[in-house]
$ cat entry-v1.txt   # compact mmCIF, C-alpha atoms
# COMPACT_ATOMS: atom_id res chain seq x y z
CA MET A 181 0.00 0.00 0.00
CA LYS A 182 2.86 2.34 0.95
CA THR A 183 4.67 1.51 -2.28
CA LEU A 184 1.51 2.06 -4.32
CA GLY A 185 1.09 5.50 -2.74
CA ARG A 186 4.69 6.35 -3.58
CA ILE A 187 4.24 5.20 -7.18
CA LEU A 188 1.16 7.41 -7.45
CA ILE A 189 3.12 10.39 -6.08
CA ILE A 190 5.94 9.78 -8.61
CA LEU A 191 3.44 9.48 -11.46
CA ALA A 192 1.58 12.60 -10.32
CA VAL A 193 4.81 14.64 -10.20
CA THR A 194 5.77 13.22 -13.61
CA ALA A 195 2.38 14.24 -15.02
CA LEU A 196 2.72 17.74 -13.55
CA VAL A 197 6.22 18.26 -14.97
CA THR A 198 5.12 16.81 -18.34
CA THR A 199 2.17 19.19 -18.55
CA ALA A 200 4.32 22.18 -17.54
CA LEU A 201 6.98 21.30 -20.13
CA TYR A 202 4.41 20.70 -22.87
CA LEU A 203 2.68 24.02 -22.19
CA ALA A 204 6.00 25.89 -21.96
CA VAL A 205 7.30 24.47 -25.25
CA ASP A 206 3.99 24.80 -27.07
CA THR A 207 3.53 28.40 -25.95
CA GLY A 208 7.12 29.23 -26.91
CA ARG A 209 6.63 27.55 -30.28
CA ALA A 210 3.42 29.46 -30.91
CA ILE A 211 5.25 32.74 -30.25
CA ASN A 212 8.36 31.87 -32.28
CA PHE A 213 6.72 30.27 -35.27
CA SER A 214 3.56 32.33 -35.50
CA GLY A 215 2.59 32.11 -39.15
CA ASP A 216 5.75 30.16 -40.05
CA ASP A 217 4.86 26.68 -38.91
CA PRO A 218 7.24 24.42 -40.88
CA ARG A 219 4.44 21.91 -41.34
CA ASN A 220 2.68 24.45 -43.56
CA ALA A 221 5.75 25.09 -45.70
CA SER A 222 5.72 23.75 -49.25
CA PRO A 223 7.83 20.60 -49.64
CA GLY A 224 11.21 20.98 -51.24
CA PRO A 225 12.36 19.05 -54.30
CA ASP A 226 13.78 16.22 -52.14
CA ALA A 227 10.76 15.84 -49.93
CA GLY A 228 8.81 12.61 -50.27
CA ASP A 229 5.08 12.04 -50.32
CA GLY A 230 4.61 10.96 -46.70
CA PRO A 231 4.17 13.47 -43.89
CA ASN A 232 7.27 12.16 -42.16
CA GLU A 233 9.67 12.49 -45.07
CA GLN A 234 10.41 16.14 -44.34
CA PHE A 235 11.31 15.39 -40.72
CA ARG A 236 13.31 12.25 -41.29
CA PRO A 237 16.09 12.05 -38.70
CA ALA A 238 19.64 11.98 -40.04
CA HIS A 239 20.37 8.54 -38.54
CA ASP A 240 17.66 6.87 -40.64
CA GLU A 241 19.38 7.78 -43.89
CA GLY A 242 22.50 5.93 -42.76
CA ARG A 243 20.43 2.84 -42.03
CA GLU A 244 19.07 2.74 -45.54
CA ARG A 245 22.45 3.14 -47.17
CA GLY A 246 24.48 0.83 -44.95
CA GLY A 247 24.34 -2.88 -44.26
CA ASP A 248 24.02 -4.71 -40.92
CA GLY A 249 27.75 -4.41 -40.27
CA ILE A 250 27.61 -0.64 -40.52
CA TRP A 251 24.72 -0.45 -38.00
CA VAL A 252 26.57 -2.58 -35.47
CA THR A 253 29.78 -0.63 -35.98
CA GLY A 254 27.82 2.61 -35.65
CA MET A 255 26.17 1.43 -32.42
CA ILE A 256 29.48 0.29 -30.93
CA MET A 257 31.23 3.51 -31.98
CA GLY A 258 28.33 5.58 -30.61
CA GLY A 259 28.39 3.63 -27.35
CA ILE A 260 32.14 4.16 -27.03
CA LYS A 261 31.74 7.89 -27.80
CA ASN A 262 29.04 8.28 -25.12
CA THR A 263 31.05 6.28 -22.58
CA VAL A 264 34.10 8.46 -23.30
CA ILE A 265 32.03 11.63 -22.75
CA VAL A 266 30.69 10.33 -19.40
CA GLY A 267 34.16 9.04 -18.46
CA PHE A 268 35.70 12.41 -19.28
CA ILE A 269 33.22 14.27 -17.03
CA VAL A 270 33.77 11.73 -14.23
CA ALA A 271 37.56 12.01 -14.60
CA ILE A 272 37.47 15.82 -14.49
CA LEU A 273 35.46 15.79 -11.26
CA VAL A 274 36.83 12.72 -9.49
CA LEU A 275 40.56 12.69 -10.35
CA PRO A 276 41.56 16.05 -8.78
CA LYS A 277 39.73 15.07 -5.58
CA ALA A 278 41.35 11.63 -5.48
CA LEU A 279 44.81 13.13 -6.09
CA ALA A 280 44.29 15.73 -3.36
CA LYS A 281 43.20 12.98 -0.95
CA GLN A 282 46.28 10.90 -1.81
CA LYS A 283 48.50 13.92 -1.26
CA ARG A 284 46.85 14.62 2.10
CA ILE A 285 47.38 11.02 3.22
CA ALA A 286 51.03 11.11 2.08
CA THR A 287 51.61 14.41 3.94
CA ALA A 288 49.99 13.02 7.08
CA LYS A 289 52.15 9.88 6.83
CA ASN A 290 55.34 11.95 6.43
CA GLY A 291 54.32 14.13 9.38
CA ASN A 292 53.83 11.05 11.55
CA GLN A 293 57.21 9.63 10.52
CA ASN A 294 58.99 12.92 11.26
CA SER A 295 57.39 13.27 14.68
CA ALA A 296 58.34 9.67 15.51
CA MET B 179 24.80 -9.98 10.17
CA THR B 180 21.37 -8.90 11.47
CA ASN B 181 18.17 -9.08 9.42
CA GLY B 182 18.17 -5.29 9.03
CA GLN B 183 21.75 -5.30 7.74
CA THR B 184 21.02 -8.11 5.29
CA GLN B 185 17.97 -6.24 3.98
CA SER B 186 20.02 -3.05 3.61
CA THR B 187 22.80 -4.93 1.78
CA ASN B 188 20.27 -6.57 -0.55
CA GLN B 189 18.60 -3.24 -1.26
CA ASN B 190 21.99 -1.65 -1.93
CA LYS B 191 22.85 -4.50 -4.29
CA ALA B 192 19.52 -4.11 -6.11
CA LYS B 193 20.10 -0.36 -6.38
CA TRP B 194 23.56 -0.86 -7.82
CA ILE B 195 22.48 -3.47 -10.38
CA LEU B 196 19.49 -1.35 -11.45
CA ASP B 197 21.67 1.76 -11.77
CA VAL B 198 24.21 -0.08 -13.92
CA LEU B 199 21.37 -1.35 -16.13
CA ILE B 200 19.89 2.17 -16.45
CA PHE B 201 23.33 3.54 -17.32
CA LEU B 202 23.93 0.90 -20.00
CA GLY B 203 20.35 1.30 -21.24
CA PHE B 204 20.82 5.03 -21.63
CA LEU B 205 24.00 4.52 -23.64
CA ILE B 206 22.20 2.04 -25.92
CA ALA B 207 19.15 4.31 -26.26
CA MET B 208 21.42 7.18 -27.26
CA GLU B 209 22.22 5.36 -30.51
CA PRO B 210 18.96 4.91 -32.44
CA GLY B 211 20.99 4.67 -35.64
CA GLY B 212 22.49 1.45 -34.34
CA THR B 213 19.52 -0.19 -32.66
CA GLY B 214 16.83 0.98 -35.09
CA LEU B 215 13.78 3.05 -34.20
CA PRO B 216 11.48 0.25 -32.90
CA ILE B 217 14.01 -0.89 -30.27
CA HIS B 218 14.93 2.72 -29.45
CA GLU B 219 11.30 3.74 -28.87
CA TRP B 220 9.97 0.67 -27.02
CA PHE B 221 13.13 0.41 -24.96
CA THR B 222 12.93 4.03 -23.77
CA LEU B 223 9.20 3.74 -23.02
CA ALA B 224 10.02 0.76 -20.81
CA ALA B 225 12.64 2.93 -19.10
CA LEU B 226 9.81 4.76 -17.35
CA ALA B 227 9.24 1.68 -15.18
CA THR B 228 12.93 1.39 -14.25
CA THR B 229 12.98 5.10 -13.36
CA VAL B 230 10.01 4.60 -11.02
CA ILE B 231 11.79 1.64 -9.35
CA HIS B 232 14.98 3.72 -9.06
CA LEU B 233 13.03 6.50 -7.34
CA LEU B 234 11.27 4.00 -5.05
CA LEU B 235 14.59 2.49 -3.98
CA ASN B 236 15.92 5.96 -3.16
CA TRP B 237 12.64 7.19 -1.64
CA ASP B 238 13.96 7.65 1.94
CA TRP B 239 16.86 9.84 0.78
CA LEU B 240 14.55 11.80 -1.48
CA THR B 241 11.97 12.59 1.21
CA GLN B 242 14.63 13.29 3.85
CA ILE B 243 16.46 15.84 1.72
CA THR B 244 13.21 17.42 0.46
CA ARG B 245 12.24 18.11 4.08
CA ARG B 246 15.68 19.41 5.03
CA LEU B 247 16.43 21.30 1.79
CA LEU B 248 15.98 24.74 3.28
CA GLY B 249 17.71 23.72 6.52
CA LYS B 250 21.29 22.78 7.19
CA ILE B 251 22.59 20.26 4.66
CA SER B 252 25.98 19.96 2.97
CA GLY B 253 26.63 21.69 -0.35
CA ARG B 254 27.37 18.34 -1.94
CA THR B 255 23.99 16.93 -0.90
CA ARG B 256 22.19 20.06 -2.11
CA THR B 257 24.04 19.88 -5.46
CA ASN B 258 23.18 16.21 -5.74
CA TYR B 259 19.51 16.92 -5.01
CA ILE B 260 19.29 19.74 -7.61
CA LEU B 261 21.14 17.59 -10.14
CA ASN B 262 18.66 14.77 -9.56
CA TRP B 263 15.75 17.10 -10.24
CA LEU B 264 17.43 18.36 -13.42
CA LEU B 265 17.99 14.78 -14.52
CA PHE B 266 14.32 13.98 -13.77
CA ILE B 267 13.03 17.00 -15.73
CA ASP B 268 15.43 16.31 -18.59
CA GLY B 269 14.33 12.66 -18.64
CA ILE B 270 10.68 13.72 -18.85
CA LEU B 271 11.44 16.20 -21.64
CA LEU B 272 13.37 13.48 -23.48
CA MET B 273 10.48 11.04 -23.14
CA LEU B 274 7.78 13.60 -23.95
CA SER B 275 9.55 14.86 -27.06
CA GLY B 276 10.28 11.23 -28.00
CA ILE B 277 6.59 10.35 -27.75
CA LEU B 278 5.59 13.42 -29.78
CA ILE B 279 7.99 12.58 -32.62
CA SER B 280 7.49 8.81 -32.35
CA ARG B 281 7.17 7.00 -35.67
CA VAL B 282 6.86 3.42 -34.39
CA ALA B 283 5.65 2.99 -30.79
CA VAL B 284 2.94 5.67 -30.61
CA PRO B 285 1.45 4.89 -34.07
CA ALA B 286 1.47 1.20 -33.07
CA LEU B 287 -0.71 2.13 -30.08
CA GLY B 288 -3.19 3.72 -32.46
CA PHE B 289 -2.26 7.38 -32.10
CA GLU B 290 -1.16 9.63 -34.94
CA LEU B 291 0.61 12.81 -33.86
CA PRO B 292 1.72 15.63 -36.17
CA GLU B 293 5.48 16.04 -36.14
CA ALA B 294 7.15 19.35 -35.40
CA PHE B 295 10.67 20.73 -35.66
CA ALA B 296 10.58 22.12 -32.11
CA TRP B 297 10.08 18.70 -30.48
CA ARG B 298 12.62 17.06 -32.78
CA ARG B 299 15.26 19.63 -31.81
CA LEU B 300 14.29 19.45 -28.15
CA HIS B 301 14.67 15.67 -28.26
CA ASP B 302 18.26 16.02 -29.51
CA ILE B 303 19.12 18.81 -27.08
CA SER B 304 17.65 17.02 -24.05
CA ALA B 305 19.46 13.79 -25.04
CA ASN B 306 22.83 15.58 -25.19
CA PHE B 307 22.10 17.49 -21.99
CA GLY B 308 21.06 14.19 -20.37
CA LEU B 309 24.42 12.66 -21.24
CA ILE B 310 26.23 15.51 -19.47
CA LEU B 311 23.91 15.24 -16.45
CA LEU B 312 24.49 11.48 -16.39
CA GLY B 313 28.25 12.14 -16.27
CA LEU B 314 27.83 14.57 -13.37
CA HIS B 315 25.48 12.15 -11.57
CA THR B 316 28.00 9.32 -12.01
CA ALA B 317 30.86 11.52 -10.80
CA LEU B 318 28.96 12.49 -7.64
CA HIS B 319 28.31 8.83 -6.80
CA TRP B 320 31.68 7.53 -8.00
CA SER B 321 32.97 6.29 -4.63
CA TRP B 322 29.68 4.44 -3.98
CA ILE B 323 29.84 2.87 -7.46
CA VAL B 324 33.46 1.74 -6.94
CA ASN B 325 32.78 0.42 -3.42
CA ALA B 326 29.70 -1.47 -4.60
CA PHE B 327 31.65 -2.87 -7.57
CA ASN B 328 34.33 -4.13 -5.16
CA ALA B 329 31.78 -5.57 -2.76
CA TYR B 330 29.44 -7.25 -5.23
CA ILE B 331 31.69 -8.13 -8.18
CA VAL B 332 35.36 -8.26 -7.18
CA GLN B 333 34.77 -9.90 -3.80
CA ALA B 334 32.20 -12.30 -5.25
CA ILE B 335 34.70 -13.43 -7.91
CA ALA B 336 37.43 -13.71 -5.27
CA ARG B 337 35.12 -15.83 -3.10
CA ILE B 338 34.39 -18.18 -6.02
CA ILE B 339 38.11 -18.55 -6.85
CA PHE B 340 39.01 -18.98 -3.18
CA LYS B 341 36.27 -21.60 -2.70
CA LYS B 342 37.55 -23.50 -5.75
CA ASP B 343 41.08 -23.44 -4.32
CA VAL B 344 39.85 -24.83 -0.98
CA THR B 345 37.81 -27.61 -2.59
CA ALA B 346 40.70 -28.50 -4.90

$ encode --input "entry-v1.txt" --output "C-alpha cells"
Amino acid sequence: MKTLGRILIILAVTALVTTALYLAVDTGRAINFSGDDPRNASPGPDAGDGPNEQFRPAHDEGRERGGDGIWVTGMIMGGIKNTVIVGFIVAILVLPKALAKQKRIATAKNGNQNSA
Amino acid sequence: MTNGQTQSTNQNKAKWILDVLIFLGFLIAMEPGGTGLPIHEWFTLAALATTVIHLLLNWDWLTQITRRLLGKISGRTRTNYILNWLLFIDGILLMLSGILISRVAVPALGFELPEAFAWRRLHDISANFGLILLGLHTALHWSWIVNAFNAYIVQAIARIIFKKDVTA
C-alpha cells in the first residue's frame, strides 16, 4: 500500500512536470513560429510524399544506405563515444579530488614519521 | 549480520544493479541509428518503469532531503539533489519529445501525432544534456559505485576462486 502511494506520487509529479513542459514548449513555439509553422511550408524538391519524409532524422538515412555491419559498428562507436564523454566528465570531477586525498594522506604519513 | 543489515545490503545490491542497467540502457538508447527506431522507442518507453523503481529504492533519501532542503545540509547533498531534479526533468522532456515525434511505438498504439521541428530539436538537445547530467550524476556517486563494484563483483569473484582453491 505504501509503495503504491509512492508510485502514485511519482506518477503525479511526472504528469505535472510533463504538462508544464508541454505548455512551456507549445507556448514558446506558438510565439516563435507564429505564421511560419514548418508543417505548412511547401515541400522541397527532395521531400517525399509521406508526412514524415520532411522530418526524417539523419540517422535513418545511414540505415538505408548501410548494411548490418555498418549499424553494429555505428552502435558500438556511438556507445564508445558516449562512454568516453561520461568518463571524461567523471575524470574531471573525481581525479583532482582523489589526487588531493592521496597527497593529504602522504603528507599526514610523512608528518607522523617525522614526529616519531 | 542482522536481518536489518542483510535487507540493507540486498537493497543496496539491487540499487547498484538497477543503476548499472539504467546507465547501459541510456548509452544504448542514445544510438537509435544502431539499434533501429522500434528498439529505441519501445526500450525508452520501458525505461519509465525502471525510473520509477529507481526512485522508489531511493525514496527515503529523497523525502529526507526534500524536508531538510531549506535547513542545514551539505553543499554536496544540495548539489546532488538539484542535479537529480534536473535529470528527472530532462528525462521527462526526453520522453515527452520522443513520444511526440514517435514514428513506431505511438502509431502502433493507435495514435497519430503531427510532427514538429521544435520537439525534434528538443529531443536532440535534451538527449545531449542528459548525457552531461548522467556524467555529473555518475561523478557524484563515483565512490559508492566503486565500493559497490568491489563488494558485489570483485569480492564475489574472489570468493568463487578462493572456494575452488579450498575444494581443490

$ interface_residues --input "entry-v1.txt" --of "chain B" --to "chain A" --cutoff "6 Å" --atoms "all atoms listed in the file" --output "PDB file with C-alpha atoms, keeping the file's coordinate frame"
ATOM      1  CA  LEU B 205      24.000   4.520 -23.640  1.00  0.00           C
ATOM      2  CA  GLU B 209      22.220   5.360 -30.510  1.00  0.00           C
ATOM      3  CA  GLY B 211      20.990   4.670 -35.640  1.00  0.00           C
ATOM      4  CA  GLY B 212      22.490   1.450 -34.340  1.00  0.00           C
ATOM      5  CA  GLY B 313      28.250  12.140 -16.270  1.00  0.00           C
ATOM      6  CA  ALA B 317      30.860  11.520 -10.800  1.00  0.00           C
TER       7      ALA B 317
END

$ closest_residue --input "entry-v1.txt" --among "B:Val198, B:Ile331, B:Asn188, B:Ile310" --to "Leu261 in chain B" --atoms "all atoms listed in the file"
B:Ile310

$ closest_residue --input "entry-v1.txt" --among "B:Leu272, B:His315, B:Trp322, B:Leu226" --to "Leu300 in chain B" --atoms "only C-alpha atoms"
B:Leu272

$ atom_distance --input "entry-v1.txt" --atom1 "CA of Val230 in chain B" --atom2 "CA of Pro210 in chain B"
23.2 Å

$ residues_around --input "entry-v1.txt" --residues "Ser275 in chain B" --least-positions-apart "6" --cutoff "8 Å" --atoms "only C-alpha atoms" --output "ChimeraX atom specification"
/B:297-298,300-301

$ atom_distance --input "entry-v1.txt" --atom1 "CA of Gly249 in chain B" --atom2 "CA of Ile189 in chain A"
23.4 Å

$ atom_distance --input "entry-v1.txt" --atom1 "CA of Phe295 in chain B" --atom2 "CA of Leu278 in chain B"
10.7 Å

$ decode --input "entry-v1.txt" --residues "range 251-283 of chain A" --atoms "N, CA and C atoms" --output "compact mmCIF listing (two decimals), in the first residue's frame"
# COMPACT_ATOMS: atom_id res chain seq x y z
N TRP A 251 25.56 -0.79 -39.15
CA TRP A 251 24.72 -0.45 -38.00
C TRP A 251 25.42 -0.83 -36.70
N VAL A 252 25.93 -2.10 -36.69
CA VAL A 252 26.57 -2.58 -35.47
C VAL A 252 27.79 -1.73 -35.15
N THR A 253 28.59 -1.45 -36.19
CA THR A 253 29.78 -0.63 -35.98
C THR A 253 29.36 0.75 -35.46
N GLY A 254 28.30 1.29 -36.07
CA GLY A 254 27.82 2.61 -35.65
C GLY A 254 27.37 2.59 -34.20
N MET A 255 26.66 1.52 -33.80
CA MET A 255 26.17 1.43 -32.42
C MET A 255 27.34 1.32 -31.44
N ILE A 256 28.32 0.47 -31.81
CA ILE A 256 29.48 0.29 -30.93
C ILE A 256 30.26 1.61 -30.82
N MET A 257 30.48 2.25 -31.98
CA MET A 257 31.23 3.51 -31.98
C MET A 257 30.48 4.58 -31.17
N GLY A 258 29.15 4.62 -31.36
CA GLY A 258 28.33 5.58 -30.61
C GLY A 258 28.39 5.30 -29.13
N GLY A 259 28.31 4.03 -28.77
CA GLY A 259 28.39 3.63 -27.35
C GLY A 259 29.72 4.04 -26.74
N ILE A 260 30.79 3.79 -27.51
CA ILE A 260 32.14 4.16 -27.03
C ILE A 260 32.22 5.67 -26.85
N LYS A 261 31.71 6.40 -27.85
CA LYS A 261 31.74 7.89 -27.80
C LYS A 261 31.01 8.40 -26.55
N ASN A 262 29.81 7.85 -26.29
CA ASN A 262 29.04 8.28 -25.12
C ASN A 262 29.74 7.91 -23.82
N THR A 263 30.33 6.71 -23.78
CA THR A 263 31.05 6.28 -22.58
C THR A 263 32.25 7.19 -22.34
N VAL A 264 32.93 7.56 -23.42
CA VAL A 264 34.10 8.46 -23.30
C VAL A 264 33.66 9.82 -22.75
N ILE A 265 32.52 10.33 -23.23
CA ILE A 265 32.03 11.63 -22.75
C ILE A 265 31.74 11.55 -21.24
N VAL A 266 31.01 10.49 -20.83
CA VAL A 266 30.69 10.33 -19.40
C VAL A 266 31.99 10.13 -18.60
N GLY A 267 32.88 9.29 -19.14
CA GLY A 267 34.16 9.04 -18.46
C GLY A 267 34.98 10.30 -18.30
N PHE A 268 34.95 11.15 -19.32
CA PHE A 268 35.70 12.41 -19.28
C PHE A 268 35.16 13.32 -18.16
N ILE A 269 33.83 13.43 -18.08
CA ILE A 269 33.22 14.27 -17.03
C ILE A 269 33.56 13.70 -15.65
N VAL A 270 33.46 12.37 -15.52
CA VAL A 270 33.77 11.73 -14.23
C VAL A 270 35.23 11.99 -13.87
N ALA A 271 36.13 11.82 -14.85
CA ALA A 271 37.56 12.01 -14.60
C ALA A 271 37.86 13.45 -14.16
N ILE A 272 37.24 14.41 -14.83
CA ILE A 272 37.47 15.82 -14.49
C ILE A 272 37.06 16.10 -13.03
N LEU A 273 35.97 15.50 -12.60
CA LEU A 273 35.46 15.79 -11.26
C LEU A 273 36.08 14.91 -10.18
N VAL A 274 36.37 13.66 -10.53
CA VAL A 274 36.83 12.72 -9.49
C VAL A 274 38.35 12.73 -9.32
N LEU A 275 39.09 12.80 -10.44
CA LEU A 275 40.56 12.69 -10.35
C LEU A 275 41.21 13.75 -9.46
N PRO A 276 40.90 15.05 -9.64
CA PRO A 276 41.56 16.05 -8.78
C PRO A 276 41.31 15.79 -7.30
N LYS A 277 40.09 15.35 -6.98
CA LYS A 277 39.73 15.07 -5.58
C LYS A 277 40.53 13.88 -5.05
N ALA A 278 40.62 12.84 -5.89
CA ALA A 278 41.35 11.63 -5.48
C ALA A 278 42.83 11.94 -5.29
N LEU A 279 43.39 12.77 -6.20
CA LEU A 279 44.81 13.13 -6.09
C LEU A 279 45.06 13.96 -4.83
N ALA A 280 44.14 14.89 -4.55
CA ALA A 280 44.29 15.73 -3.36
C ALA A 280 44.23 14.87 -2.10
N LYS A 281 43.34 13.87 -2.11
CA LYS A 281 43.20 12.98 -0.95
C LYS A 281 44.48 12.18 -0.75
N GLN A 282 45.04 11.68 -1.88
CA GLN A 282 46.28 10.90 -1.81
C GLN A 282 47.42 11.75 -1.23
N LYS A 283 47.46 12.99 -1.70
CA LYS A 283 48.50 13.92 -1.26
C LYS A 283 48.37 14.18 0.24
